[in-house]
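One structure below.
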Amino acid sequence: MGGLIILGGGAEFQKGNEQADQYALQQAGGPASPVVILPTAGGADGGISMASRNGVEWFRSLGARHVEALPLTNRTDATNPELAARLVGAKLIYMAGGNPVHLLEALEGSKCWEAIQAALTNGAVVGGASAGAMVLMEYLYDPSSGKVRPGLGLVPGAVFAPHFNSFGKKWVPQLQAALPHSLLIGVDEKVAIIGQDNNWQVYGRGWITIYRQGKPFKYQGGQPFKLVP
């Protein structure tokens with residue numbers, strides 16, 4: 001059995017995310033396990049250094065002793081076999097928010113994406129927040145163009161709307177029109193879902209909303225749920 005997937009609604013690396021991220025670290029093997037932060041989504045607007053620093057400091061504050069931010073800023077970096085090797089050995093891989101299209105186009109079909117998939121198969125916890133979660137779905141909504149495109153496909157039949165307690169909820173009509181038969185997973189800021197296959201649980205003091213065939217179903221922090229009941 002592979003590892004778990006963590007999907008956060010945004011405002012990552014801040015107080016309020018402790019429950020989800022501590023659980024992820026525990027499931028990754030504990031404080032001694034290697035944690036890798038991918039700041040790639042910030043590469044479109046100069047946010048790489050901030051995401052790298054915040055991610056490392058955050059997981060260290062939770063007790064992780066071996067945390068690094070990978071200097072993976074673009075497509076060229078994602079083809080680097082040395083960076084891919086560091087990802088294969090990670091036990092927790094967390095992708096920061098930012099520009100989802102930049103992150104997707106950097107990773108898709110790359111050596112580093114193959115390495116992330118291998119780490120997940122080997123039991124690592126893999127995921128991220130906002131853009132870092134959006135790219136892992138079968139479908140990715142590009143807010144800059146208003147169009148839907150294929151994602152990386154770790155969560156089949158689904159599209160992800162982060163920041164659902166703010167601007168993310170405004171995407172619902174367009175997503176339902178474009179993907180009427182798909183799962184729409186909306187997650188509030190500082191809330192995450194963690195699971196694999198059909199079995200998940202909500203972590204954090206907030207809510208998630210899943211639209212199945214256009215109908216919303218809400219779950220709050222602490223609740224287990226199935227993507228498809």
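Naming scheme: A, B, ... for chains in displayed order of the structure tokens; residues 1 onward per chain; ligands 1 onward as shown.
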With 9 Å as the cut-off and only C-alpha atoms counted, what is the closest atom pair between each nearby residue of range 88-142 of chain A and range 36-59 of chain A? Distances in Å to one decimal, ordered by chain and number, as CSV.
```
residue,atom,partner,partner_atom,distance
A:Ala90,CA,A:Val36,CA,6.3
A:Lys91,CA,A:Val36,CA,8.0
A:Leu92,CA,A:Val36,CA,6.2
A:Ile93,CA,A:Val36,CA,4.9
A:Tyr94,CA,A:Ile37,CA,5.0
A:Met95,CA,A:Leu38,CA,4.6
A:Ala96,CA,A:Pro39,CA,5.2
A:Gly97,CA,A:Ala41,CA,5.8
A:Gly98,CA,A:Ala41,CA,4.5
A:Asn99,CA,A:Ala41,CA,4.9
A:Pro100,CA,A:Ala41,CA,6.1
A:Val101,CA,A:Ala41,CA,8.0
A:His102,CA,A:Ala41,CA,6.0
A:Leu103,CA,A:Ala41,CA,4.7
A:Leu104,CA,A:Ala41,CA,8.4
A:Ala106,CA,A:Thr40,CA,7.9
A:Gly128,CA,A:Leu38,CA,8.7
A:Ala131,CA,A:Ala41,CA,6.8
A:Gly132,CA,A:Ala41,CA,7.2
```
Discussion item. Residues within 8 Å of range 139-151 of chain A, please, as a list in words. Count only C-alpha atoms; anything in the same chain fewer than 3 positions from it doesn't count.
Written reply: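 Residues near the query, excluding close chain neighbours: Pro100, Val101, Leu104, Met134, Val135, Leu136, Gly157, Ala158, Val159, Phe160, Gln174, Leu175 and Ala178 of chain A.
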Worksheet item: When DSSP works through the backbone of this structure, what residues of range 17-100 of chain A end up as alpha helix (DSSP H), shown as a ChimeraX atom specification?
Response: /A:18-27,48-61,75-78,81-88,100
Suppose we keep C-alpha atoms; can you now write the selection as a tab-separated table (two decimals), in the first residue's frame?
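File written: out08.tsv
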```tsv
chain	number	residue	atom	x	y	z
A	18	GLU	CA	-0.71	22.20	13.26
A	19	GLN	CA	-3.22	19.34	13.41
A	20	ALA	CA	-2.93	18.33	9.78
A	21	ASP	CA	0.81	18.83	9.44
A	22	GLN	CA	1.71	17.11	12.72
A	23	TYR	CA	-0.38	14.13	11.65
A	24	ALA	CA	1.32	14.11	8.25
A	25	LEU	CA	4.74	14.17	9.91
A	26	GLN	CA	3.74	11.35	12.24
A	27	GLN	CA	2.47	9.24	9.36
A	48	ILE	CA	10.42	30.83	-4.13
A	49	SER	CA	12.62	32.12	-1.30
A	50	MET	CA	9.70	33.01	0.96
A	51	ALA	CA	7.95	29.67	0.46
A	52	SER	CA	11.23	27.83	1.02
A	53	ARG	CA	12.01	29.68	4.24
A	54	ASN	CA	8.48	29.48	5.62
A	55	GLY	CA	8.12	25.79	4.85
A	56	VAL	CA	11.41	24.81	6.47
A	57	GLU	CA	10.79	26.93	9.56
A	58	TRP	CA	7.23	25.63	9.91
A	59	PHE	CA	8.06	21.94	9.87
A	60	ARG	CA	11.04	22.50	12.15
A	61	SER	CA	8.66	24.19	14.60
A	75	ARG	CA	10.77	22.80	-15.84
A	76	THR	CA	14.53	22.62	-16.30
A	77	ASP	CA	15.08	22.00	-12.59
A	78	ALA	CA	12.42	19.25	-12.64
A	81	PRO	CA	18.36	13.72	-11.66
A	82	GLU	CA	20.06	14.93	-8.46
A	83	LEU	CA	16.90	16.72	-7.34
A	84	ALA	CA	14.83	13.68	-8.32
A	85	ALA	CA	17.03	11.46	-6.15
A	86	ARG	CA	16.41	13.70	-3.15
A	87	LEU	CA	12.67	13.42	-3.70
A	88	VAL	CA	12.74	9.63	-3.95
A	100	PRO	CA	-0.88	26.16	-10.18
```
Worksheet item: Excluding same-chain residues fewer than 6 positions from His181 in chain A, what lies within 9 Å of it counting only C-alpha atoms, as a PyMOL selection string?
Response: chain A and resi 157+212-214
Discussion item. What parts of range 68-194 of chain A does DSSP call strand (DSSP E or B)? I'd like the answer as a PyMOL selection string.
Written reply: chain A and resi 68-69+92-95+125-129+137-142+147-150+155-161+183-187+192-194
